[in-house]
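*Asks:* The structure's right below; bear with me while I get my questions together.
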Amino acid sequence: PTPTPTPPPATGWPDASNTGYSVTLTARSGFTVNTAGTVVENLDINGTLTVNAPNVTVRNNRITAGFFGIDATSNARGMIAEDNVIIGGGDSGIAATQAGDMIIRRNEIYGGVDGMKIAGFNMQVTDNYLHSPGGGADSHNDGIQCYGNGTDLVFRHNWITWKDTSTISLFEGQHTWNRVTIDNNHLTNAGYLVYAGGTTASNVQITNNVFGNWGYAHPVTDWITKTGNVWSGNKDLSGNTVSAP
């Protein structure tokens with residue numbers, strides 16, 4: 001397999017120059033992976049890539065999404081999705097809500113209703129560039145929606161500029177979450193930038209983020225100050241400290 005590219009510098013934000021594929025691609029229609037350990041790389045995929053086996057690596061591809069770009073089923077534990085460009089998606093660019101132990105990094109995702117749907121356990125979502133969502137006036141777009149119960153979800157060093165509902169959402173009462181880290185992200189251009197889970201989330205850490213433009217009185221809603229929750233180091237575009245709501 002092609003070696004994994006060097007990650008972008010920790011001091012720089014993800015953008016089109018340091019995310020996505022960097023090789024010549026071969027055209028292929030959407031398909032399903034059923035064999036453990038498969039490496040899917042260097043393809044220009046038209047349609048949904050369904051991952052239905054453990055320890056699959058999806059690397060250096062362009063995916064013009066169907067309903068999903070990458071659809072990770074309950075059998076997809078251990079998936080790595082890295083250095084892909086995912087365009088569109090009637091629902092979301094990456095749907096990974098049924099398994100866990102996944103790494104999703106350095107992907108550029110744009111043009112769909114939601115960038116990602118994430119749940120499960122031990123999910124590492126880092127260094128992704130999500131921008132320019134699609135959908136109509138009633139799409140209720142989310143950059144990353146935590147859709148399903150989740151434990152040990154980490155969202156770190158992503159650039160998410162989205163619209164309408166949120167950049168990262170844990171909607172109170174929709175599911176339950178425990179140990180969620182939202183750290184060192186650049187989040188901008190939605191109504192609320194973060195929905196923090198309220199009473200149905202615990203041990204939520206929102207730290208060291210840059211909050212850009214938002215539509216309401218505060219960039220974050222459904223935040224509860226309680227044991228296990230941490231709010232620290234969050235700033236606006238001018239470098240001013242943003243206090244907890």
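Labels used: A, B, ... for chains in the order of the structure tokens, numbers from 1 for residues in each chain, and numbers from 1 for ligands as shown.
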For Ala217 of chain A, list every protein, DNA or RNA residue within 10 Å, evaluated using only C-alpha atoms, and leave out those in the same chain fewer than 5 positions away; present the list as a PDB file with N, CA, C and O atoms, in the first residue's frame.
*Replies:*
```
ATOM      1  N   GLY A 191     -25.602  28.250  13.160  1.00  0.00           N
ATOM      2  CA  GLY A 191     -26.429  28.923  14.149  1.00  0.00           C
ATOM      3  C   GLY A 191     -25.810  28.816  15.530  1.00  0.00           C
ATOM      4  O   GLY A 191     -25.334  29.800  16.108  1.00  0.00           O
ATOM      5  N   TYR A 192     -25.819  27.624  16.103  1.00  0.00           N
ATOM      6  CA  TYR A 192     -24.967  27.274  17.235  1.00  0.00           C
ATOM      7  C   TYR A 192     -23.804  26.473  16.664  1.00  0.00           C
ATOM      8  O   TYR A 192     -24.007  25.565  15.852  1.00  0.00           O
ATOM      9  N   PRO A 245     -21.391  29.003  28.346  1.00  0.00           N
ATOM     10  CA  PRO A 245     -22.727  29.611  28.312  1.00  0.00           C
ATOM     11  C   PRO A 245     -23.461  29.466  29.634  1.00  0.00           C
ATOM     12  O   PRO A 245     -23.158  28.622  30.431  1.00  0.00           O
TER      13      PRO A 245
END
```
*Asks:* Name the residues in contact with segment 170-186 of chain A at a cut-off of 6 Å, using only C-alpha atoms, excluding same-chain residues fewer than 3 positions from it; report them as a list in words.
*Replies:*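 My reading of the contact set: Cys146, Gly148, Asn149, Gly150, Thr151, Asp152, Leu153, Val154, Phe155, Arg156, His157, Asn158, Trp159, Tyr195, Ala196, Gly197, Gly198, Thr200, Ala201, Ser202, Asn203, Val204, Gln205, Ile206, Thr207, Asn208, Asn209 and Val210 of chain A.
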*Asks:* What would the file look like if the residues just selected were written as a JSON list (two decimals), in the first residue's frame with N, CA and C atoms?
*Replies:*
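Saved file selection-v5.json follows:
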```json
[["chain", "number", "residue", "atom", "x", "y", "z"],
["A", 146, "CYS", "N", -23.47, 13.75, 15.92],
["A", 146, "CYS", "CA", -23.30, 12.52, 16.70],
["A", 146, "CYS", "C", -24.65, 11.81, 16.75],
["A", 148, "GLY", "N", -26.42, 8.58, 17.28],
["A", 148, "GLY", "CA", -26.29, 7.27, 17.89],
["A", 148, "GLY", "C", -25.55, 7.42, 19.21],
["A", 149, "ASN", "N", -25.68, 6.44, 20.09],
["A", 149, "ASN", "CA", -24.99, 6.49, 21.37],
["A", 149, "ASN", "C", -23.48, 6.44, 21.14],
["A", 150, "GLY", "N", -22.73, 7.17, 21.97],
["A", 150, "GLY", "CA", -21.30, 7.23, 21.76],
["A", 150, "GLY", "C", -20.51, 7.29, 23.04],
["A", 151, "THR", "N", -19.34, 6.66, 23.05],
["A", 151, "THR", "CA", -18.40, 6.69, 24.17],
["A", 151, "THR", "C", -16.99, 6.87, 23.63],
["A", 152, "ASP", "N", -16.25, 7.76, 24.27],
["A", 152, "ASP", "CA", -14.87, 8.04, 23.85],
["A", 152, "ASP", "C", -14.84, 8.53, 22.41],
["A", 153, "LEU", "N", -15.51, 9.65, 22.19],
["A", 153, "LEU", "CA", -15.51, 10.32, 20.89],
["A", 153, "LEU", "C", -14.57, 11.51, 20.97],
["A", 154, "VAL", "N", -13.62, 11.58, 20.05],
["A", 154, "VAL", "CA", -12.64, 12.66, 20.05],
["A", 154, "VAL", "C", -12.72, 13.41, 18.72],
["A", 155, "PHE", "N", -12.95, 14.72, 18.80],
["A", 155, "PHE", "CA", -12.96, 15.60, 17.64],
["A", 155, "PHE", "C", -11.87, 16.64, 17.87],
["A", 156, "ARG", "N", -10.77, 16.52, 17.16],
["A", 156, "ARG", "CA", -9.61, 17.36, 17.46],
["A", 156, "ARG", "C", -8.98, 17.91, 16.17],
["A", 157, "HIS", "N", -8.70, 19.18, 16.21],
["A", 157, "HIS", "CA", -7.96, 19.88, 15.15],
["A", 157, "HIS", "C", -8.62, 19.72, 13.78],
["A", 158, "ASN", "N", -9.92, 19.93, 13.75],
["A", 158, "ASN", "CA", -10.67, 19.97, 12.49],
["A", 158, "ASN", "C", -11.02, 21.42, 12.17],
["A", 159, "TRP", "N", -11.09, 21.73, 10.88],
["A", 159, "TRP", "CA", -11.62, 23.01, 10.43],
["A", 159, "TRP", "C", -13.01, 22.73, 9.86],
["A", 195, "TYR", "N", -23.70, 21.89, 19.79],
["A", 195, "TYR", "CA", -24.72, 21.40, 20.71],
["A", 195, "TYR", "C", -24.02, 20.40, 21.63],
["A", 196, "ALA", "N", -24.01, 20.68, 22.93],
["A", 196, "ALA", "CA", -23.13, 19.97, 23.86],
["A", 196, "ALA", "C", -23.79, 18.81, 24.60],
["A", 197, "GLY", "N", -24.99, 18.41, 24.22],
["A", 197, "GLY", "CA", -25.57, 17.19, 24.77],
["A", 197, "GLY", "C", -26.48, 17.36, 25.96],
["A", 198, "GLY", "N", -26.34, 18.44, 26.70],
["A", 198, "GLY", "CA", -27.20, 18.70, 27.86],
["A", 198, "GLY", "C", -27.21, 17.56, 28.86],
["A", 200, "THR", "N", -28.15, 14.56, 28.51],
["A", 200, "THR", "CA", -27.92, 13.22, 27.95],
["A", 200, "THR", "C", -26.47, 13.01, 27.54],
["A", 201, "ALA", "N", -25.58, 13.89, 28.00],
["A", 201, "ALA", "CA", -24.15, 13.73, 27.77],
["A", 201, "ALA", "C", -23.40, 13.92, 29.08],
["A", 202, "SER", "N", -22.31, 13.21, 29.25],
["A", 202, "SER", "CA", -21.49, 13.34, 30.45],
["A", 202, "SER", "C", -20.02, 13.33, 30.07],
["A", 203, "ASN", "N", -19.21, 13.97, 30.93],
["A", 203, "ASN", "CA", -17.77, 14.03, 30.70],
["A", 203, "ASN", "C", -17.45, 14.61, 29.33],
["A", 204, "VAL", "N", -18.06, 15.75, 29.05],
["A", 204, "VAL", "CA", -17.84, 16.48, 27.80],
["A", 204, "VAL", "C", -16.75, 17.53, 28.04],
["A", 205, "GLN", "N", -15.71, 17.50, 27.23],
["A", 205, "GLN", "CA", -14.62, 18.47, 27.32],
["A", 205, "GLN", "C", -14.61, 19.33, 26.06],
["A", 206, "ILE", "N", -14.85, 20.62, 26.23],
["A", 206, "ILE", "CA", -14.79, 21.57, 25.13],
["A", 206, "ILE", "C", -13.64, 22.52, 25.44],
["A", 207, "THR", "N", -12.53, 22.34, 24.75],
["A", 207, "THR", "CA", -11.29, 23.01, 25.13],
["A", 207, "THR", "C", -10.52, 23.52, 23.92],
["A", 208, "ASN", "N", -9.94, 24.70, 24.06],
["A", 208, "ASN", "CA", -8.94, 25.23, 23.12],
["A", 208, "ASN", "C", -9.46, 25.39, 21.69],
["A", 209, "ASN", "N", -10.75, 25.62, 21.54],
["A", 209, "ASN", "CA", -11.32, 25.81, 20.21],
["A", 209, "ASN", "C", -11.33, 27.29, 19.82],
["A", 210, "VAL", "N", -11.34, 27.54, 18.52],
["A", 210, "VAL", "CA", -11.55, 28.87, 17.98],
["A", 210, "VAL", "C", -12.97, 28.91, 17.42]]
```
*Asks:* Find the residues around Arg77 of chain A up to 7 Å (only C-alpha atoms counted), leave out those fewer than 2 positions away in its own chain, and share them as JSON, numbers by chain.
*Replies:* {"A": [54, 55, 75, 79, 99, 100, 101, 102]}
*Asks:* Go ahead and write the residues just picked, all heavy atoms, as a CSV table (one decimal), in the first residue's frame.
*Replies:*
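And here's again_27.csv as it stands now:
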```
chain,number,residue,atom,x,y,z
A,54,PRO,N,-14.1,-5.7,9.1
A,54,PRO,CA,-13.2,-5.0,10.1
A,54,PRO,C,-11.9,-4.6,9.5
A,54,PRO,O,-11.4,-5.2,8.5
A,54,PRO,CB,-13.1,-6.0,11.2
A,54,PRO,CG,-13.3,-7.3,10.5
A,54,PRO,CD,-14.3,-7.1,9.4
A,55,ASN,N,-11.2,-3.6,10.1
A,55,ASN,CA,-9.8,-3.2,9.8
A,55,ASN,C,-9.6,-2.9,8.3
A,55,ASN,O,-8.6,-3.2,7.8
A,55,ASN,CB,-8.9,-4.3,10.2
A,55,ASN,CG,-9.1,-4.7,11.7
A,55,ASN,OD1,-9.2,-3.8,12.5
A,55,ASN,ND2,-9.1,-5.9,12.0
A,75,ASN,N,-20.2,-3.9,11.0
A,75,ASN,CA,-19.0,-4.8,10.9
A,75,ASN,C,-17.7,-4.1,10.6
A,75,ASN,O,-16.7,-4.7,10.5
A,75,ASN,CB,-19.2,-5.8,9.7
A,75,ASN,CG,-20.4,-6.7,10.0
A,75,ASN,OD1,-20.6,-7.2,11.1
A,75,ASN,ND2,-21.2,-7.0,8.9
A,79,MET,N,-11.9,0.6,11.2
A,79,MET,CA,-11.7,1.3,9.9
A,79,MET,C,-10.9,2.5,10.1
A,79,MET,O,-11.0,3.3,11.0
A,79,MET,CB,-13.1,1.7,9.3
A,79,MET,CG,-13.0,2.4,7.9
A,79,MET,SD,-14.6,3.0,7.3
A,79,MET,CE,-14.8,4.5,8.3
A,99,ALA,N,-20.2,1.1,14.8
A,99,ALA,CA,-19.0,0.3,15.3
A,99,ALA,C,-18.1,1.2,16.1
A,99,ALA,O,-18.5,2.2,16.7
A,99,ALA,CB,-18.4,-0.4,14.1
A,100,GLY,N,-16.8,1.0,16.0
A,100,GLY,CA,-15.9,1.8,16.8
A,100,GLY,C,-14.4,1.5,16.4
A,100,GLY,O,-14.1,0.8,15.5
A,101,ASP,N,-13.5,2.0,17.3
A,101,ASP,CA,-12.1,1.9,17.1
A,101,ASP,C,-11.7,2.4,15.7
A,101,ASP,O,-10.9,1.8,15.0
A,101,ASP,CB,-11.6,0.4,17.3
A,101,ASP,CG,-11.8,-0.1,18.7
A,101,ASP,OD1,-11.7,0.8,19.6
A,101,ASP,OD2,-11.9,-1.3,18.9
A,102,MET,N,-12.2,3.5,15.3
A,102,MET,CA,-12.0,4.1,14.0
A,102,MET,C,-11.1,5.3,14.1
A,102,MET,O,-11.2,6.1,15.1
A,102,MET,CB,-13.3,4.4,13.3
A,102,MET,CG,-14.2,3.2,13.0
A,102,MET,SD,-15.6,3.8,12.0
A,102,MET,CE,-16.5,2.2,12.0
```
*Asks:* Pick out the residues sitting within 7 Å of segment 47-53 of chain A, and hand them over as a list in words; count only C-alpha atoms, and ignore anything fewer than 2 positions along from it in its own chain.
*Replies:*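 The residues satisfying every condition are Ser29, Gly30, Phe31, Thr32, Val33, Asn34, Thr35, Ala36, Ile45, Asn55, Val56, Ile63, Thr64, Ala65, Gly66, Phe67, Phe68, Gly69, Ile70, Asp71, Ala72, Thr73, Asn75 and Ala76 of chain A.
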*Asks:* Rank nothing, just name the residue among A:Val113, A:Ala16, A:Ile224, A:Ile104 nearest to Thr199 of chain A, using only C-alpha atoms.
*Replies:*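 Smallest separation from Thr199 of chain A among the options: A:Ile224.
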*Asks:* Measuring atom to atom with only C-alpha atoms, identify which of A:Gly120, A:Gly37, A:Gly112, A:Pro14 is nearest to His140 of chain A.
*Replies:*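 Of the candidates, the smallest distance to His140 of chain A is held by A:Gly112.
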*Asks:* Between A:Gly93, A:Gly12, A:Gly88, A:Gly20, single out the one closest to Lys117 of chain A, counting only C-alpha atoms.
*Replies:* A:Gly93
*Asks:* Could you tell me how far atom CA of Trp13 of chain A sits from atom CA of Gly134 of chain A, in Å to one decimal place?
*Replies:*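 Atom CA of Trp13 of chain A lies 22.5 Å from atom CA of Gly134 of chain A.
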*Asks:* Mind pulling up the distance from atom CA of Asn213 of chain A to atom CA of Ser238 of chain A?
*Replies:*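 Separating atom CA of Ser238 of chain A from atom CA of Asn213 of chain A is a distance of 11.2 Å.
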*Asks:* Show which residues sit within 10 Å of Ala81 of chain A, as a list of chain:residue names. Count only C-alpha atoms, and ignore same-chain residues fewer than 5 positions away.
*Replies:*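 Those residues are A:Val40, A:Val56, A:Thr57, A:Val58, A:Arg59, A:Asn60, A:Asn61, A:Ile70, A:Ile94, A:Met102, A:Ile103, A:Ile104, A:Arg105, A:Arg106, A:Asn107, A:Val125.
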*Asks:* Selection from above, N, CA, C and O atoms, as a PDB file, in the first residue's frame, can you write it?
*Replies:*
```pdb
ATOM      1  N   VAL A  40      -8.497   0.153   0.384  1.00  0.00           N
ATOM      2  CA  VAL A  40      -9.140   0.798  -0.753  1.00  0.00           C
ATOM      3  C   VAL A  40      -8.409   2.117  -0.981  1.00  0.00           C
ATOM      4  O   VAL A  40      -8.488   3.025  -0.150  1.00  0.00           O
ATOM      5  N   VAL A  56     -10.563  -2.205   7.731  1.00  0.00           N
ATOM      6  CA  VAL A  56     -10.428  -1.732   6.354  1.00  0.00           C
ATOM      7  C   VAL A  56      -9.813  -0.335   6.367  1.00  0.00           C
ATOM      8  O   VAL A  56     -10.159   0.502   7.205  1.00  0.00           O
ATOM      9  N   THR A  57      -8.907  -0.078   5.440  1.00  0.00           N
ATOM     10  CA  THR A  57      -8.320   1.246   5.261  1.00  0.00           C
ATOM     11  C   THR A  57      -8.823   1.852   3.963  1.00  0.00           C
ATOM     12  O   THR A  57      -8.748   1.220   2.903  1.00  0.00           O
ATOM     13  N   VAL A  58      -9.346   3.065   4.045  1.00  0.00           N
ATOM     14  CA  VAL A  58      -9.827   3.806   2.875  1.00  0.00           C
ATOM     15  C   VAL A  58      -8.944   5.036   2.752  1.00  0.00           C
ATOM     16  O   VAL A  58      -9.027   5.953   3.576  1.00  0.00           O
ATOM     17  N   ARG A  59      -8.108   5.075   1.723  1.00  0.00           N
ATOM     18  CA  ARG A  59      -7.030   6.064   1.682  1.00  0.00           C
ATOM     19  C   ARG A  59      -6.850   6.617   0.265  1.00  0.00           C
ATOM     20  O   ARG A  59      -6.868   5.893  -0.717  1.00  0.00           O
ATOM     21  N   ASN A  60      -6.662   7.922   0.202  1.00  0.00           N
ATOM     22  CA  ASN A  60      -6.258   8.576  -1.058  1.00  0.00           C
ATOM     23  C   ASN A  60      -7.264   8.355  -2.177  1.00  0.00           C
ATOM     24  O   ASN A  60      -6.897   7.990  -3.305  1.00  0.00           O
ATOM     25  N   ASN A  61      -8.526   8.576  -1.886  1.00  0.00           N
ATOM     26  CA  ASN A  61      -9.577   8.437  -2.890  1.00  0.00           C
ATOM     27  C   ASN A  61     -10.359   9.735  -3.037  1.00  0.00           C
ATOM     28  O   ASN A  61     -10.385  10.563  -2.131  1.00  0.00           O
ATOM     29  N   ILE A  70     -18.840   7.407   2.448  1.00  0.00           N
ATOM     30  CA  ILE A  70     -18.413   6.162   3.082  1.00  0.00           C
ATOM     31  C   ILE A  70     -19.493   5.765   4.085  1.00  0.00           C
ATOM     32  O   ILE A  70     -19.828   6.538   4.974  1.00  0.00           O
ATOM     33  N   ILE A  94     -19.430  10.952   5.440  1.00  0.00           N
ATOM     34  CA  ILE A  94     -19.033   9.731   6.148  1.00  0.00           C
ATOM     35  C   ILE A  94     -20.094   9.421   7.187  1.00  0.00           C
ATOM     36  O   ILE A  94     -20.438  10.269   8.015  1.00  0.00           O
ATOM     37  N   MET A 102     -12.245   3.542  15.345  1.00  0.00           N
ATOM     38  CA  MET A 102     -11.987   4.092  14.019  1.00  0.00           C
ATOM     39  C   MET A 102     -11.119   5.343  14.096  1.00  0.00           C
ATOM     40  O   MET A 102     -11.155   6.093  15.074  1.00  0.00           O
ATOM     41  N   ILE A 103     -10.373   5.568  13.018  1.00  0.00           N
ATOM     42  CA  ILE A 103      -9.591   6.784  12.821  1.00  0.00           C
ATOM     43  C   ILE A 103     -10.074   7.432  11.535  1.00  0.00           C
ATOM     44  O   ILE A 103     -10.064   6.806  10.473  1.00  0.00           O
ATOM     45  N   ILE A 104     -10.495   8.676  11.635  1.00  0.00           N
ATOM     46  CA  ILE A 104     -10.971   9.431  10.470  1.00  0.00           C
ATOM     47  C   ILE A 104     -10.161  10.723  10.438  1.00  0.00           C
ATOM     48  O   ILE A 104     -10.354  11.611  11.276  1.00  0.00           O
ATOM     49  N   ARG A 105      -9.246  10.830   9.478  1.00  0.00           N
ATOM     50  CA  ARG A 105      -8.305  11.946   9.535  1.00  0.00           C
ATOM     51  C   ARG A 105      -7.936  12.451   8.137  1.00  0.00           C
ATOM     52  O   ARG A 105      -7.902  11.715   7.173  1.00  0.00           O
ATOM     53  N   ARG A 106      -7.683  13.728   8.080  1.00  0.00           N
ATOM     54  CA  ARG A 106      -7.161  14.413   6.892  1.00  0.00           C
ATOM     55  C   ARG A 106      -8.048  14.216   5.664  1.00  0.00           C
ATOM     56  O   ARG A 106      -7.563  14.080   4.547  1.00  0.00           O
ATOM     57  N   ASN A 107      -9.352  14.213   5.871  1.00  0.00           N
ATOM     58  CA  ASN A 107     -10.291  14.158   4.754  1.00  0.00           C
ATOM     59  C   ASN A 107     -10.849  15.551   4.472  1.00  0.00           C
ATOM     60  O   ASN A 107     -11.082  16.326   5.397  1.00  0.00           O
ATOM     61  N   VAL A 125     -11.522  11.561  15.357  1.00  0.00           N
ATOM     62  CA  VAL A 125     -11.820  12.368  14.174  1.00  0.00           C
ATOM     63  C   VAL A 125     -10.910  13.596  14.228  1.00  0.00           C
ATOM     64  O   VAL A 125     -11.142  14.523  15.017  1.00  0.00           O
TER      65      VAL A 125
END
```
*Asks:* Which residue out of A:Trp162, A:Tyr147, A:Phe121, A:Tyr110 has the minimum interatomic distance to Gly78 of chain A when only C-alpha atoms are used?
*Replies:*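 Among A:Trp162, A:Tyr147, A:Phe121, A:Tyr110, it is A:Phe121 that comes nearest to Gly78 of chain A.
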*Asks:* Would you return as a VMD selection string the members of segment 66-200 of chain A that DSSP assigns to strand (DSSP E or B) on this structure's backbone?
*Replies:* chain A and resid 68 to 72 80 to 82 85 to 87 92 to 96 100 to 105 108 to 110 114 to 118 120 to 126 129 to 131 142 to 145 150 to 156 159 to 161 166 to 170 177 to 183 186 to 188 190 194 to 196
